file structure_12.pdb (PDB, C-alpha atoms, pLDDT in the B column)
MODEL        1
ATOM      1  CA  MET A   1       7.007 147.375 121.323  1.00 51.00           C
ATOM      2  CA  ALA A   2       8.580 144.456 119.507  1.00 52.00           C
ATOM      3  CA  ASN A   3      12.340 144.028 119.435  1.00 53.00           C
ATOM      4  CA  ARG A   4      13.296 144.162 115.762  1.00 55.00           C
ATOM      5  CA  PHE A   5      16.561 142.393 116.608  1.00 54.00           C
ATOM      6  CA  SER A   6      14.844 139.279 117.852  1.00 54.00           C
ATOM      7  CA  GLY A   7      17.217 136.735 119.223  1.00 56.00           C
ATOM      8  CA  THR A   8      19.663 139.430 120.371  1.00 55.00           C
ATOM      9  CA  ASP A   9      20.098 139.553 124.119  1.00 56.00           C
ATOM     10  CA  PRO A  10      21.779 142.863 125.050  1.00 53.00           C
ATOM     11  CA  SER A  11      23.118 141.332 128.272  1.00 52.00           C
ATOM     12  CA  GLU A  12      25.225 138.914 126.202  1.00 52.00           C
ATOM     13  CA  PHE A  13      26.860 141.659 124.150  1.00 46.00           C
ATOM     14  CA  ASP A  14      30.586 142.024 124.861  1.00 50.00           C
ATOM     15  CA  VAL A  15      32.422 145.032 123.453  1.00 52.00           C
ATOM     16  CA  GLY A  16      35.830 143.627 124.316  1.00 57.00           C
ATOM     17  CA  GLY A  17      36.278 144.699 127.894  1.00 65.00           C
ATOM     18  CA  ASP A  18      38.858 146.891 129.541  1.00 72.00           C
ATOM     19  CA  GLN A  19      41.739 145.983 127.220  1.00 71.00           C
ATOM     20  CA  ARG A  20      39.806 147.054 124.131  1.00 74.00           C
ATOM     21  CA  ASP A  21      38.677 150.250 125.854  1.00 81.00           C
ATOM     22  CA  GLU A  22      42.290 151.030 126.711  1.00 81.00           C
ATOM     23  CA  LEU A  23      43.362 150.313 123.124  1.00 81.00           C
ATOM     24  CA  PHE A  24      40.684 152.591 121.682  1.00 83.00           C
ATOM     25  CA  ASP A  25      41.603 155.293 124.186  1.00 88.00           C
ATOM     26  CA  VAL A  26      45.248 155.133 123.087  1.00 89.00           C
ATOM     27  CA  LEU A  27      44.296 155.138 119.397  1.00 87.00           C
ATOM     28  CA  SER A  28      41.899 158.059 119.858  1.00 91.00           C
ATOM     29  CA  ASN A  29      44.793 160.523 119.847  1.00 93.00           C
ATOM     30  CA  PRO A  30      46.295 161.482 116.450  1.00 92.00           C
ATOM     31  CA  ARG A  31      49.808 161.900 117.875  1.00 93.00           C
ATOM     32  CA  ARG A  32      49.773 158.376 119.269  1.00 94.00           C
ATOM     33  CA  ARG A  33      48.470 156.950 115.987  1.00 90.00           C
ATOM     34  CA  PHE A  34      51.250 158.780 114.136  1.00 92.00           C
ATOM     35  CA  ILE A  35      53.860 157.431 116.550  1.00 94.00           C
ATOM     36  CA  LEU A  36      52.657 153.858 115.981  1.00 90.00           C
ATOM     37  CA  HIS A  37      52.662 154.377 112.228  1.00 88.00           C
ATOM     38  CA  LEU A  38      56.162 155.829 112.377  1.00 91.00           C
ATOM     39  CA  LEU A  39      57.508 153.026 114.562  1.00 90.00           C
ATOM     40  CA  GLN A  40      56.193 150.393 112.146  1.00 86.00           C
ATOM     41  CA  THR A  41      58.653 151.558 109.485  1.00 86.00           C
ATOM     42  CA  ALA A  42      61.539 152.889 111.595  1.00 89.00           C
ATOM     43  CA  GLU A  43      64.762 151.222 112.627  1.00 91.00           C
ATOM     44  CA  MET A  44      64.539 150.363 116.299  1.00 89.00           C
ATOM     45  CA  PRO A  45      65.060 151.863 118.785  1.00 95.00           C
ATOM     46  CA  VAL A  46      63.883 155.395 118.044  1.00 96.00           C
ATOM     47  CA  SER A  47      64.935 158.276 120.263  1.00 96.00           C
ATOM     48  CA  VAL A  48      62.410 160.636 121.802  1.00 95.00           C
ATOM     49  CA  GLY A  49      64.247 163.415 119.941  1.00 93.00           C
ATOM     50  CA  GLU A  50      63.629 161.706 116.602  1.00 94.00           C
ATOM     51  CA  LEU A  51      59.952 161.219 117.448  1.00 95.00           C
ATOM     52  CA  THR A  52      59.721 164.891 118.429  1.00 93.00           C
ATOM     53  CA  THR A  53      61.286 165.961 115.115  1.00 91.00           C
ATOM     54  CA  GLU A  54      58.933 163.750 113.085  1.00 91.00           C
ATOM     55  CA  LEU A  55      55.862 164.885 115.033  1.00 91.00           C
ATOM     56  CA  THR A  56      56.869 168.534 114.627  1.00 88.00           C
ATOM     57  CA  ALA A  57      57.163 168.115 110.865  1.00 87.00           C
ATOM     58  CA  TRP A  58      53.893 166.190 110.659  1.00 88.00           C
ATOM     59  CA  GLU A  59      51.941 168.698 112.731  1.00 83.00           C
ATOM     60  CA  SER A  60      53.319 171.663 110.816  1.00 81.00           C
ATOM     61  CA  GLN A  61      52.049 170.058 107.584  1.00 82.00           C
ATOM     62  CA  ARG A  62      48.635 169.430 109.170  1.00 72.00           C
ATOM     63  CA  GLN A  63      48.346 173.087 110.202  1.00 62.00           C
ATOM     64  CA  VAL A  64      47.327 172.284 113.756  1.00 55.00           C
ATOM     65  CA  PRO A  65      45.594 175.306 115.375  1.00 54.00           C
ATOM     66  CA  ASN A  66      47.703 177.235 117.900  1.00 54.00           C
ATOM     67  CA  TYR A  67      50.850 175.368 116.876  1.00 51.00           C
ATOM     68  CA  SER A  68      53.832 177.405 115.702  1.00 52.00           C
ATOM     69  CA  GLY A  69      55.858 174.473 114.325  1.00 50.00           C
ATOM     70  CA  ASP A  70      59.113 175.697 115.809  1.00 53.00           C
ATOM     71  CA  ASP A  71      58.700 174.779 119.465  1.00 65.00           C
ATOM     72  CA  GLY A  72      59.807 171.166 119.879  1.00 74.00           C
ATOM     73  CA  ALA A  73      59.239 171.388 123.640  1.00 81.00           C
ATOM     74  CA  ALA A  74      55.508 171.829 122.999  1.00 85.00           C
ATOM     75  CA  ILE A  75      55.583 168.325 121.539  1.00 89.00           C
ATOM     76  CA  GLU A  76      58.381 166.678 123.515  1.00 92.00           C
ATOM     77  CA  ILE A  77      57.028 167.395 126.991  1.00 93.00           C
ATOM     78  CA  PRO A  78      53.570 165.847 126.428  1.00 94.00           C
ATOM     79  CA  LEU A  79      55.264 163.045 124.487  1.00 95.00           C
ATOM     80  CA  GLU A  80      57.499 162.116 127.437  1.00 95.00           C
ATOM     81  CA  HIS A  81      54.949 162.644 130.203  1.00 95.00           C
ATOM     82  CA  ASN A  82      51.681 161.589 128.582  1.00 96.00           C
ATOM     83  CA  HIS A  83      51.708 159.842 125.222  1.00 96.00           C
ATOM     84  CA  LEU A  84      54.666 157.455 125.546  1.00 97.00           C
ATOM     85  CA  PRO A  85      53.840 156.288 129.105  1.00 96.00           C
ATOM     86  CA  LYS A  86      50.208 155.714 128.108  1.00 94.00           C
ATOM     87  CA  MET A  87      51.242 153.724 125.034  1.00 94.00           C
ATOM     88  CA  ALA A  88      53.710 151.695 127.110  1.00 94.00           C
ATOM     89  CA  LYS A  89      51.060 150.943 129.745  1.00 91.00           C
ATOM     90  CA  ALA A  90      48.770 149.663 126.976  1.00 88.00           C
ATOM     91  CA  GLY A  91      51.560 147.366 125.797  1.00 87.00           C
ATOM     92  CA  LEU A  92      51.959 148.969 122.370  1.00 90.00           C
ATOM     93  CA  ILE A  93      55.504 150.226 122.843  1.00 93.00           C
ATOM     94  CA  ASP A  94      58.479 149.715 125.103  1.00 94.00           C
ATOM     95  CA  TYR A  95      59.586 153.075 126.460  1.00 96.00           C
ATOM     96  CA  ASP A  96      62.880 153.513 128.290  1.00 96.00           C
ATOM     97  CA  ASP A  97      62.542 156.950 129.838  1.00 93.00           C
ATOM     98  CA  THR A  98      66.105 156.939 131.195  1.00 95.00           C
ATOM     99  CA  GLN A  99      67.661 156.206 127.787  1.00 96.00           C
ATOM    100  CA  GLN A 100      64.947 158.180 125.934  1.00 96.00           C
ATOM    101  CA  ARG A 101      64.386 155.251 123.548  1.00 97.00           C
ATOM    102  CA  VAL A 102      61.181 153.785 122.138  1.00 96.00           C
ATOM    103  CA  THR A 103      60.600 150.451 120.422  1.00 93.00           C
ATOM    104  CA  LEU A 104      57.488 148.836 119.056  1.00 90.00           C
ATOM    105  CA  ALA A 105      56.043 146.084 121.268  1.00 88.00           C
ATOM    106  CA  ASP A 106      54.725 142.760 120.011  1.00 79.00           C
ATOM    107  CA  ARG A 107      51.087 143.685 120.702  1.00 69.00           C
ATOM    108  CA  THR A 108      51.079 146.095 117.765  1.00 61.00           C
ATOM    109  CA  ASP A 109      50.023 143.359 115.333  1.00 65.00           C
ATOM    110  CA  GLU A 110      46.605 143.227 116.950  1.00 66.00           C
ATOM    111  CA  VAL A 111      46.060 146.959 116.316  1.00 65.00           C
ATOM    112  CA  ARG A 112      47.368 147.013 112.741  1.00 69.00           C
ATOM    113  CA  ALA A 113      43.862 146.606 111.279  1.00 65.00           C
ATOM    114  CA  HIS A 114      42.599 149.523 113.376  1.00 59.00           C
ATOM    115  CA  LEU A 115      45.497 151.700 112.221  1.00 63.00           C
ATOM    116  CA  GLN A 116      44.882 150.823 108.569  1.00 63.00           C
ATOM    117  CA  THR A 117      41.198 151.625 108.923  1.00 59.00           C
ATOM    118  CA  MET A 118      41.998 154.997 110.497  1.00 56.00           C
ATOM    119  CA  ALA A 119      44.565 155.789 107.792  1.00 57.00           C
ATOM    120  CA  SER A 120      41.970 155.272 105.079  1.00 56.00           C
ATOM    121  CA  ASP A 121      39.503 157.691 106.742  1.00 55.00           C
TER     122      ASP A 121
ENDMDL
END
call {"tool": "encode", "arguments": {"input": "structure_12.pdb", "output": "structure tokens"}}
result
Amino acid sequence: MANRFSGTDPSEFDVGGDQRDELFDVLSNPRRRFILHLLQTAEMPVSVGELTTELTAWESQRQVPNYSGDDGAAIEIPLEHNHLPKMAKAGLIDYDDTQQRVTLADRTDEVRAHLQTMASD
């Protein structure tokens, strides 16, 4: 069978490596995308409490299944123990868990195009 993509060597194809995989993994979650969007327009630093309040309002408008909209702990706990550490590890935010403060990291410029594409979907 002839290769209809002649001249394309699959072994030379590079999808961006581990850093891109990590970035796409972080951006795959709607809460994390919302946090990045929020941080782009917020005064820095933002408290975890403020992020929790904004996420609660956003999710109640989205009518997320099995979400009552009045339990901030249901958002704050995964935010503190999952989402923010994962975003910090990827270099997208700076997260001070002792002060409960979040700031946008410099790397965010490289994901701006991805965020804009996702917002238009």
call {"tool": "closest_residue", "arguments": {"input": "structure_12.pdb", "among": "A:Gly72, A:Glu54, A:Val48, A:Glu59", "to": "Thr98 (chain A)", "atoms": "all atoms listed in the file"}}
result
A:Val48
call {"tool": "residues_around", "arguments": {"input": "structure_12.pdb", "residues": "Ile93 (chain A)", "least_positions_apart": "4", "cutoff": "9 Å", "atoms": "all atoms listed in the file", "output": "count of residues only"}}
result
14
call {"tool": "resolve_selection", "arguments": {"input": "structure_12.pdb", "expression": "the PyMOL selection byres ((chain A and resi 74-77) around 8)", "output": "count of residues only"}}
result
12
call {"tool": "closest_residue", "arguments": {"input": "structure_12.pdb", "among": "A:Asp25, A:Gln19, A:Phe34, A:Glu43", "to": "Ala57 (chain A)", "atoms": "all atoms listed in the file"}}
result
A:Phe34
call {"tool": "atom_distance", "arguments": {"input": "structure_12.pdb", "atom1": "CA of Leu92 (chain A)", "atom2": "CA of His37 (chain A)"}}
result
11.5 Å
call {"tool": "closest_residue", "arguments": {"input": "structure_12.pdb", "among": "A:Thr41, A:Gln61, A:Ser28, A:Gln99", "to": "Lys86 (chain A)", "atoms": "only C-alpha atoms"}}
result
A:Ser28
call {"tool": "atom_distance", "arguments": {"input": "structure_12.pdb", "atom1": "CA of Leu38 (chain A)", "atom2": "CA of Leu51 (chain A)"}}
result
8.3 Å
call {"tool": "atom_distance", "arguments": {"input": "structure_12.pdb", "atom1": "CA of Met44 (chain A)", "atom2": "CA of Asp94 (chain A)"}}
result
10.7 Å
call {"tool": "decode", "arguments": {"input": "structure_12.pdb", "residues": "region 44-56 of chain A", "atoms": "N, CA, C and O atoms", "output": "compact mmCIF listing (two decimals), in the first residue's frame"}}
result
# COMPACT_ATOMS: atom_id res chain seq x y z
N MET A 44 -3.11 40.84 41.21
CA MET A 44 -2.33 39.81 41.88
C MET A 44 -1.90 40.28 43.26
O MET A 44 -1.68 41.45 43.44
N PRO A 45 -1.72 39.39 44.19
CA PRO A 45 -2.08 37.97 44.17
C PRO A 45 -3.57 37.78 44.44
O PRO A 45 -4.24 38.68 44.94
N VAL A 46 -4.05 36.59 44.12
CA VAL A 46 -5.45 36.22 44.36
C VAL A 46 -5.46 35.17 45.46
O VAL A 46 -4.66 34.23 45.44
N SER A 47 -6.37 35.32 46.41
CA SER A 47 -6.46 34.34 47.48
C SER A 47 -7.20 33.09 47.00
O SER A 47 -8.01 33.15 46.08
N VAL A 48 -6.92 31.99 47.66
CA VAL A 48 -7.62 30.74 47.35
C VAL A 48 -9.12 30.93 47.62
O VAL A 48 -9.95 30.41 46.88
N GLY A 49 -9.46 31.70 48.64
CA GLY A 49 -10.86 32.00 48.93
C GLY A 49 -11.55 32.72 47.78
O GLY A 49 -12.70 32.41 47.43
N GLU A 50 -10.86 33.69 47.18
CA GLU A 50 -11.44 34.40 46.04
C GLU A 50 -11.61 33.47 44.85
O GLU A 50 -12.65 33.52 44.16
N LEU A 51 -10.61 32.61 44.60
CA LEU A 51 -10.74 31.64 43.51
C LEU A 51 -11.91 30.70 43.75
O LEU A 51 -12.66 30.38 42.83
N THR A 52 -12.07 30.26 45.00
CA THR A 52 -13.18 29.38 45.36
C THR A 52 -14.51 30.06 45.08
O THR A 52 -15.42 29.46 44.50
N THR A 53 -14.65 31.32 45.49
CA THR A 53 -15.88 32.07 45.27
C THR A 53 -16.19 32.20 43.78
O THR A 53 -17.33 31.97 43.35
N GLU A 54 -15.18 32.55 43.00
CA GLU A 54 -15.38 32.71 41.55
C GLU A 54 -15.72 31.37 40.88
O GLU A 54 -16.59 31.33 40.02
N LEU A 55 -15.04 30.31 41.27
CA LEU A 55 -15.34 28.99 40.71
C LEU A 55 -16.74 28.53 41.09
O LEU A 55 -17.45 27.93 40.27
N THR A 56 -17.15 28.80 42.32
CA THR A 56 -18.49 28.42 42.77
C THR A 56 -19.54 29.12 41.92
O THR A 56 -20.50 28.49 41.45
